[in-house]
>>> print(open('upload_14.cif').read())   # mmCIF, C-alpha atoms
data_data
#
loop_
_atom_site.group_PDB
_atom_site.id
_atom_site.type_symbol
_atom_site.label_atom_id
_atom_site.label_comp_id
_atom_site.auth_asym_id
_atom_site.auth_seq_id
_atom_site.Cartn_x
_atom_site.Cartn_y
_atom_site.Cartn_z
ATOM 1 C CA MET A 35 -10.889 -14.412 16.921
ATOM 2 C CA GLY A 36 -7.271 -13.886 17.942
ATOM 3 C CA SER A 37 -7.511 -10.274 16.764
ATOM 4 C CA TYR A 38 -10.617 -9.633 18.882
ATOM 5 C CA VAL A 39 -8.955 -11.175 21.947
ATOM 6 C CA ALA A 40 -5.837 -9.054 21.392
ATOM 7 C CA PHE A 41 -7.878 -5.848 21.028
ATOM 8 C CA GLY A 42 -9.908 -6.766 24.121
ATOM 9 C CA ALA A 43 -6.731 -7.365 26.122
ATOM 10 C CA GLY A 44 -5.385 -4.041 24.895
ATOM 11 C CA ALA A 45 -8.550 -2.228 25.997
ATOM 12 C CA ILE A 46 -8.360 -3.821 29.445
ATOM 13 C CA ALA A 47 -4.690 -2.845 29.675
ATOM 14 C CA VAL A 48 -5.442 0.784 28.811
ATOM 15 C CA LEU A 49 -8.234 0.816 31.412
ATOM 16 C CA TRP A 50 -5.842 -0.684 33.984
ATOM 17 C CA VAL A 51 -3.249 2.023 33.265
ATOM 18 C CA ILE A 52 -5.890 4.767 33.662
ATOM 19 C CA VAL A 53 -7.057 3.312 36.993
ATOM 20 C CA ALA A 54 -3.439 2.971 38.153
ATOM 21 C CA LEU A 55 -2.723 6.605 37.249
ATOM 22 C CA LEU A 56 -5.878 7.891 38.944
ATOM 23 C CA SER A 57 -5.256 5.863 42.101
ATOM 24 C CA ARG A 58 -1.522 6.614 41.977
ATOM 25 C CA SER A 59 -0.755 2.935 42.315
ATOM 26 C CA ALA A 60 1.872 1.096 40.314
ATOM 27 C CA GLN A 61 0.896 -2.292 41.699
ATOM 28 C CA GLY A 62 0.691 -4.831 38.887
ATOM 29 C CA LEU A 63 1.865 -2.314 36.274
ATOM 30 C CA VAL A 64 5.184 -4.063 35.475
ATOM 31 C CA PRO A 65 3.597 -7.507 34.840
ATOM 32 C CA LEU A 66 0.943 -5.778 32.737
ATOM 33 C CA ILE A 67 3.548 -4.072 30.524
ATOM 34 C CA VAL A 68 5.563 -7.293 30.200
ATOM 35 C CA GLY A 69 2.386 -9.161 29.242
ATOM 36 C CA LEU A 70 1.492 -6.597 26.587
ATOM 37 C CA VAL A 71 4.992 -6.675 25.083
ATOM 38 C CA LEU A 72 4.976 -10.473 24.949
ATOM 39 C CA ALA A 73 1.462 -10.532 23.473
ATOM 40 C CA GLY A 74 2.516 -8.039 20.792
ATOM 41 C CA ALA A 75 5.667 -10.020 20.027
ATOM 42 C CA ILE A 76 3.521 -13.103 19.388
ATOM 43 C CA TYR A 77 0.501 -11.422 17.794
ATOM 44 C CA VAL A 78 2.285 -9.372 15.105
ATOM 45 C CA PRO A 79 4.190 -12.271 13.446
ATOM 46 C CA LEU A 80 1.125 -14.541 13.618
ATOM 47 C CA GLN A 81 -1.070 -11.826 12.103
ATOM 48 C CA MET A 82 1.450 -11.251 9.297
ATOM 49 C CA ARG A 83 1.624 -14.981 8.613
ATOM 50 C CA ALA A 84 -2.175 -15.205 8.403
ATOM 51 C CA MET A 85 -2.253 -12.186 6.078
ATOM 52 C CA ALA A 86 0.416 -13.722 3.822
ATOM 53 C CA ALA A 87 -1.601 -16.939 3.572
ATOM 54 C CA SER A 88 -4.729 -15.035 2.509
ATOM 55 C CA VAL A 89 -3.189 -13.200 -0.479
ATOM 56 C CA PRO A 90 -1.164 -14.390 -3.502
ATOM 57 C CA MET A 91 2.639 -14.525 -3.249
ATOM 58 C CA ILE A 92 3.156 -11.505 -5.517
ATOM 59 C CA HIS A 93 4.541 -8.003 -4.997
ATOM 60 C CA ASP A 94 3.799 -6.193 -8.287
ATOM 61 C CA ILE A 95 0.232 -4.990 -8.935
ATOM 62 C CA THR A 96 -1.006 -2.994 -11.921
ATOM 63 C CA THR A 97 -4.254 -1.982 -13.588
ATOM 64 C CA ASP A 98 -2.803 -2.977 -16.975
ATOM 65 C CA THR A 99 -1.270 -6.457 -16.799
ATOM 66 C CA GLY A 100 -0.821 -6.554 -20.587
ATOM 67 C CA ASN A 101 1.206 -3.355 -20.782
ATOM 68 C CA PRO A 102 2.098 -2.133 -17.283
ATOM 69 C CA PRO A 103 3.374 1.432 -16.771
ATOM 70 C CA GLN A 104 7.186 1.591 -16.723
ATOM 71 C CA TRP A 105 9.544 3.476 -14.449
ATOM 72 C CA VAL A 106 11.852 6.135 -15.824
ATOM 73 C CA ALA A 107 12.980 8.328 -12.907
ATOM 74 C CA LEU A 108 12.921 5.390 -10.479
ATOM 75 C CA LEU A 109 14.384 2.866 -12.898
ATOM 76 C CA GLU A 110 17.860 2.795 -11.333
ATOM 77 C CA ALA A 111 16.446 2.482 -7.803
ATOM 78 C CA ARG A 112 14.221 -0.341 -9.023
ATOM 79 C CA LYS A 113 17.120 -2.152 -10.732
ATOM 80 C CA ALA A 114 19.172 -1.886 -7.532
ATOM 81 C CA SER A 115 16.350 -3.353 -5.446
ATOM 82 C CA THR A 116 15.861 -7.043 -4.694
ATOM 83 C CA ASN A 117 12.697 -7.235 -6.813
ATOM 84 C CA GLY A 118 14.088 -5.328 -9.791
ATOM 85 C CA ALA A 119 12.063 -3.385 -12.334
ATOM 86 C CA ASP A 120 10.775 -6.029 -14.741
ATOM 87 C CA TYR A 121 7.157 -7.153 -14.803
ATOM 88 C CA ASP A 122 6.682 -10.910 -14.542
ATOM 89 C CA PRO A 123 3.691 -11.845 -16.756
ATOM 90 C CA ALA A 124 3.141 -14.918 -14.556
ATOM 91 C CA THR A 125 1.814 -12.637 -11.802
ATOM 92 C CA ALA A 126 -1.007 -11.376 -14.036
ATOM 93 C CA GLU A 127 -3.156 -14.484 -13.625
ATOM 94 C CA GLU A 128 -2.689 -14.541 -9.839
ATOM 95 C CA GLN A 129 -3.508 -10.839 -9.626
ATOM 96 C CA GLN A 130 -6.659 -11.165 -11.706
ATOM 97 C CA LYS A 131 -7.906 -14.023 -9.498
ATOM 98 C CA ALA A 132 -7.191 -12.208 -6.248
ATOM 99 C CA TYR A 133 -7.939 -8.601 -7.248
ATOM 100 C CA PRO A 134 -10.333 -8.582 -10.243
ATOM 101 C CA GLU A 135 -11.550 -5.087 -9.296
ATOM 102 C CA ILE A 136 -8.168 -3.502 -10.057
ATOM 103 C CA GLN A 137 -8.787 -2.127 -13.543
ATOM 104 C CA THR A 138 -7.853 0.860 -15.719
ATOM 105 C CA PHE A 139 -9.447 4.104 -14.503
ATOM 106 C CA ASN A 140 -11.498 5.821 -17.227
ATOM 107 C CA SER A 141 -12.379 9.494 -16.998
ATOM 108 C CA ALA A 142 -14.349 12.011 -19.027
ATOM 109 C CA SER A 143 -11.738 14.621 -18.034
ATOM 110 C CA PRO A 144 -8.963 15.575 -20.460
ATOM 111 C CA PRO A 145 -5.499 14.162 -19.649
ATOM 112 C CA ALA A 146 -4.128 17.415 -18.178
ATOM 113 C CA GLU A 147 -7.022 17.692 -15.733
ATOM 114 C CA LEU A 148 -6.796 14.037 -14.712
ATOM 115 C CA PHE A 149 -3.031 14.431 -14.280
ATOM 116 C CA ASP A 150 -3.503 17.310 -11.814
ATOM 117 C CA LYS A 151 -6.104 15.337 -9.851
ATOM 118 C CA ALA A 152 -3.896 12.233 -9.753
ATOM 119 C CA LYS A 153 -0.878 14.216 -8.566
ATOM 120 C CA LYS A 154 -2.911 15.845 -5.800
ATOM 121 C CA VAL A 155 -4.309 12.504 -4.629
ATOM 122 C CA ALA A 156 -0.794 10.975 -4.593
ATOM 123 C CA THR A 157 0.509 13.949 -2.599
ATOM 124 C CA ASP A 158 -2.419 13.792 -0.162
ATOM 125 C CA MET A 159 -1.684 10.098 0.408
ATOM 126 C CA GLY A 160 1.804 11.051 1.606
ATOM 127 C CA TRP A 161 3.728 9.594 -1.310
ATOM 128 C CA GLN A 162 7.114 11.108 -2.117
ATOM 129 C CA ILE A 163 6.712 12.403 -5.668
ATOM 130 C CA VAL A 164 9.908 11.645 -7.582
ATOM 131 C CA ALA A 165 8.752 12.716 -11.054
ATOM 132 C CA ALA A 166 5.692 14.478 -12.450
ATOM 133 C CA GLU A 167 5.783 14.917 -16.224
ATOM 134 C CA PRO A 168 2.456 16.321 -17.489
ATOM 135 C CA THR A 169 3.506 16.226 -21.153
ATOM 136 C CA GLU A 170 4.242 12.504 -20.822
ATOM 137 C CA GLY A 171 1.324 11.859 -18.482
ATOM 138 C CA ARG A 172 3.678 10.157 -16.023
ATOM 139 C CA ILE A 173 3.895 10.400 -12.244
ATOM 140 C CA GLU A 174 6.405 8.385 -10.223
ATOM 141 C CA ALA A 175 6.440 8.190 -6.444
ATOM 142 C CA THR A 176 7.690 6.194 -3.486
ATOM 143 C CA ASP A 177 5.508 5.210 -0.550
ATOM 144 C CA THR A 178 7.154 4.115 2.711
ATOM 145 C CA THR A 179 5.160 1.690 4.861
ATOM 146 C CA MET A 180 4.405 2.906 8.367
ATOM 147 C CA TRP A 181 5.516 0.054 10.635
ATOM 148 C CA PHE A 182 8.581 -1.419 8.972
ATOM 149 C CA GLY A 183 9.663 1.399 6.641
ATOM 150 C CA PHE A 184 9.564 -0.723 3.475
ATOM 151 C CA LYS A 185 9.724 1.306 0.272
ATOM 152 C CA ASP A 186 7.223 0.577 -2.495
ATOM 153 C CA ASP A 187 7.355 2.402 -5.823
ATOM 154 C CA VAL A 188 4.385 3.661 -7.821
ATOM 155 C CA VAL A 189 4.168 4.758 -11.442
ATOM 156 C CA ILE A 190 1.066 6.333 -12.977
ATOM 157 C CA ARG A 191 0.413 6.643 -16.713
ATOM 158 C CA ILE A 192 -2.276 8.933 -18.144
ATOM 159 C CA VAL A 193 -3.177 8.960 -21.835
ATOM 160 C CA ALA A 194 -5.928 10.453 -23.966
ATOM 161 C CA ASP A 195 -8.864 8.161 -24.662
ATOM 162 C CA GLY A 196 -11.324 9.636 -27.152
ATOM 163 C CA SER A 197 -12.659 12.870 -25.648
ATOM 164 C CA GLY A 198 -11.531 11.797 -22.161
ATOM 165 C CA SER A 199 -8.561 9.977 -20.718
ATOM 166 C CA LYS A 200 -7.537 6.810 -18.953
ATOM 167 C CA LEU A 201 -5.153 6.160 -16.104
ATOM 168 C CA ASP A 202 -3.120 3.081 -15.308
ATOM 169 C CA ILE A 203 -1.134 2.622 -12.125
ATOM 170 C CA ARG A 204 1.473 0.158 -10.970
ATOM 171 C CA SER A 205 2.684 -0.389 -7.416
ATOM 172 C CA MET A 206 5.660 -2.656 -6.665
ATOM 173 C CA SER A 207 7.568 -3.535 -3.514
ATOM 174 C CA ARG A 208 11.339 -3.201 -3.569
ATOM 175 C CA VAL A 209 11.829 -6.257 -1.324
ATOM 176 C CA GLY A 210 9.868 -9.365 -0.375
ATOM 177 C CA LYS A 211 8.157 -12.100 -2.362
ATOM 178 C CA SER A 212 4.752 -11.286 -0.875
ATOM 179 C CA ASP A 213 3.532 -7.748 -0.259
ATOM 180 C CA LEU A 214 0.818 -8.986 2.161
ATOM 181 C CA GLY A 215 -1.732 -7.320 -0.120
ATOM 182 C CA LYS A 216 -0.302 -3.828 0.462
ATOM 183 C CA ASN A 217 0.153 -2.858 -3.202
ATOM 184 C CA ALA A 218 -3.423 -3.811 -4.060
ATOM 185 C CA MET A 219 -4.696 -1.868 -1.023
ATOM 186 C CA ARG A 220 -2.646 1.161 -2.089
ATOM 187 C CA ILE A 221 -4.052 1.090 -5.641
ATOM 188 C CA ARG A 222 -7.637 0.604 -4.425
ATOM 189 C CA ASP A 223 -7.237 3.519 -2.018
ATOM 190 C CA PHE A 224 -5.739 5.739 -4.721
ATOM 191 C CA LEU A 225 -8.466 4.922 -7.286
ATOM 192 C CA GLY A 226 -11.203 5.432 -4.710
ATOM 193 C CA ARG A 227 -9.866 8.870 -3.808
ATOM 194 C CA LEU A 228 -9.367 9.770 -7.465
ATOM 195 C CA LYS A 229 -12.948 8.831 -8.251
ATOM 196 C CA ALA A 230 -14.166 11.064 -5.422
ATOM 197 C CA ALA A 231 -11.886 13.997 -6.418
#
>>> encode(input="upload_14.cif", output="structure tokens")
Amino acid sequence: MGSYVAFGAGAIAVLWVIVALLSRSAQGLVPLIVGLVLAGAIYVPLQMRAMAASVPMIHDITTDTGNPPQWVALLEARKASTNGADYDPATAEEQQKAYPEIQTFNSASPPAELFDKAKKVATDMGWQIVAAEPTEGRIEATDTTMWFGFKDDVVIRIVADGSGSKLDIRSMSRVGKSDLGKNAMRIRDFLGRLKAA
């Protein structure tokens, strides 16, 4: 409900600004701006706290919890980060409870074709491609979050599977105990786009 109230207040504020501009009146504009700034300063932390409470306290999500893809090009950056590079098997159970839909992507396409599609989807999503090794079936990238500029790293592994191929992806935050569900959202978005490609 707090979100709806905040959006409603924002809509009223925008309407007020339009009316003020059209009538060339600045009366009440300063208190309005101060009110919006204060509301935002309260709303954003409360919203983040609510989000953190609704997702598990993990920051490393992968489609293959038994054998997650590993970083090569980004390994040093990962080791230098607060969260490191190692996969904690204890997160697997929490991930599977919270995000059971995050599974290996199977395709009838050969690995080379799936690799090209995956690289295009990653590029279209605005990720900074750090490595793309078609012979190894490995793509590594960094995604920077919009509001706070946090860097999350992604590694994609593509291997042959019978006449087709399969893709596993891992997304991990460099800092923070909880990712507020961002890594799972990123993987879901990527797999959805890949399926539609």
>>> atom_distance(input="upload_14.cif", atom1="atom CA of A:Gly100", atom2="atom CA of A:Asp202")
11.2 Å
>>> residues_around(input="upload_14.cif", residues="A:Lys154", least_positions_apart="2", cutoff="12 Å", atoms="all atoms listed in the file", output="list in words")
Glu147, Leu148, Phe149, Asp150, Lys151, Ala152, Ala156, Thr157, Asp158, Met159, Gly160, Trp161, Gln162, Ile163, Ala166, Ile173, Phe224, Arg227, Leu228 and Ala231 of chain A
>>> atom_distance(input="upload_14.cif", atom1="atom CA of A:Ala119", atom2="atom CA of A:Asp195")
26.9 Å
>>> atom_distance(input="upload_14.cif", atom1="atom CA of A:Tyr133", atom2="atom CA of A:Pro168")
28.9 Å
>>> closest_residue(input="upload_14.cif", among="A:Ile190, A:Val155, A:Ile46, A:Leu108", to="A:Gly171", atoms="all atoms listed in the file")
A:Ile190
>>> closest_residue(input="upload_14.cif", among="A:Arg208, A:Lys216, A:Arg191, A:Lys131", to="A:Asp98", atoms="all atoms listed in the file")
A:Arg191
>>> closest_residue(input="upload_14.cif", among="A:Ser212, A:Gln104, A:Ser197, A:Ser207", to="A:Thr116", atoms="only C-alpha atoms")
A:Ser207
>>> closest_residue(input="upload_14.cif", among="A:Glu135, A:Glu128, A:Glu167, A:Asp94", to="A:Met206", atoms="only C-alpha atoms")
A:Asp94
>>> residues_around(input="upload_14.cif", residues="stretch 183-186 of chain A", least_positions_apart="2", cutoff="7 Å", atoms="all atoms listed in the file", output="PyMOL selection string")
chain A and resi 176-181+188+205-208
>>> resolve_selection(input="upload_14.cif", expression="the PyMOL selection byres ((chain A and resi 107) around 9)", output="list in words")
Trp105, Val106, Leu108, Leu109, Glu110, Ala111, Val164, Ala165 and Glu174 of chain A
>>> decode(input="upload_14.cif", residues="stretch 124-148 of chain A", atoms="N, CA and C atoms", output="short mmCIF file (atom, residue, chain, number, x, y, z; two decimals), in the first residue's frame")
data_model
loop_
_atom_site.label_atom_id
_atom_site.label_comp_id
_atom_site.auth_asym_id
_atom_site.auth_seq_id
_atom_site.Cartn_x
_atom_site.Cartn_y
_atom_site.Cartn_z
N ALA A 124 25.99 -24.04 0.53
CA ALA A 124 24.88 -23.80 1.46
C ALA A 124 23.80 -22.92 0.84
N THR A 125 24.17 -22.13 -0.18
CA THR A 125 23.17 -21.26 -0.81
C THR A 125 22.25 -22.03 -1.75
N ALA A 126 22.68 -23.23 -2.16
CA ALA A 126 21.89 -24.00 -3.13
C ALA A 126 20.49 -24.29 -2.62
N GLU A 127 20.37 -24.72 -1.37
CA GLU A 127 19.07 -25.07 -0.82
C GLU A 127 18.16 -23.85 -0.74
N GLU A 128 18.73 -22.72 -0.29
CA GLU A 128 17.94 -21.48 -0.21
C GLU A 128 17.50 -21.03 -1.60
N GLN A 129 18.40 -21.15 -2.58
CA GLN A 129 18.05 -20.75 -3.94
C GLN A 129 16.92 -21.63 -4.48
N GLN A 130 17.03 -22.92 -4.29
CA GLN A 130 16.02 -23.83 -4.85
C GLN A 130 14.65 -23.62 -4.22
N LYS A 131 14.62 -23.20 -2.95
CA LYS A 131 13.33 -22.89 -2.30
C LYS A 131 12.73 -21.61 -2.86
N ALA A 132 13.58 -20.60 -3.01
CA ALA A 132 13.11 -19.28 -3.44
C ALA A 132 12.91 -19.16 -4.94
N TYR A 133 13.77 -19.81 -5.72
CA TYR A 133 13.74 -19.65 -7.18
C TYR A 133 13.79 -21.02 -7.88
N PRO A 134 12.79 -21.87 -7.68
CA PRO A 134 12.83 -23.22 -8.27
C PRO A 134 12.81 -23.20 -9.80
N GLU A 135 12.35 -22.09 -10.39
CA GLU A 135 12.24 -22.01 -11.85
C GLU A 135 13.60 -21.77 -12.52
N ILE A 136 14.62 -21.43 -11.77
CA ILE A 136 15.92 -21.16 -12.37
C ILE A 136 16.64 -22.49 -12.60
N GLN A 137 16.60 -22.93 -13.85
CA GLN A 137 17.12 -24.24 -14.24
C GLN A 137 17.98 -24.12 -15.50
N THR A 138 18.75 -25.16 -15.77
CA THR A 138 19.55 -25.23 -17.00
C THR A 138 18.67 -25.02 -18.22
N PHE A 139 19.18 -24.24 -19.18
CA PHE A 139 18.46 -23.96 -20.43
C PHE A 139 18.87 -25.01 -21.47
N ASN A 140 17.90 -25.76 -21.96
CA ASN A 140 18.17 -26.78 -22.99
C ASN A 140 17.72 -26.28 -24.34
N SER A 141 18.51 -26.56 -25.36
CA SER A 141 18.21 -26.07 -26.70
C SER A 141 18.48 -27.15 -27.74
N ALA A 142 17.68 -27.13 -28.80
CA ALA A 142 17.91 -28.05 -29.91
C ALA A 142 19.01 -27.53 -30.83
N SER A 143 19.40 -26.26 -30.63
CA SER A 143 20.45 -25.65 -31.45
C SER A 143 21.82 -26.21 -31.09
N PRO A 144 22.73 -26.26 -32.05
CA PRO A 144 24.11 -26.67 -31.74
C PRO A 144 24.78 -25.60 -30.87
N PRO A 145 25.84 -25.97 -30.14
CA PRO A 145 26.49 -25.03 -29.24
C PRO A 145 26.90 -23.70 -29.87
N ALA A 146 27.45 -23.73 -31.08
CA ALA A 146 27.91 -22.48 -31.71
C ALA A 146 26.76 -21.52 -31.95
N GLU A 147 25.62 -22.06 -32.36
CA GLU A 147 24.45 -21.22 -32.62
C GLU A 147 23.89 -20.66 -31.30
N LEU A 148 23.82 -21.48 -30.28
CA LEU A 148 23.34 -21.02 -28.99
C LEU A 148 24.29 -19.98 -28.40
#
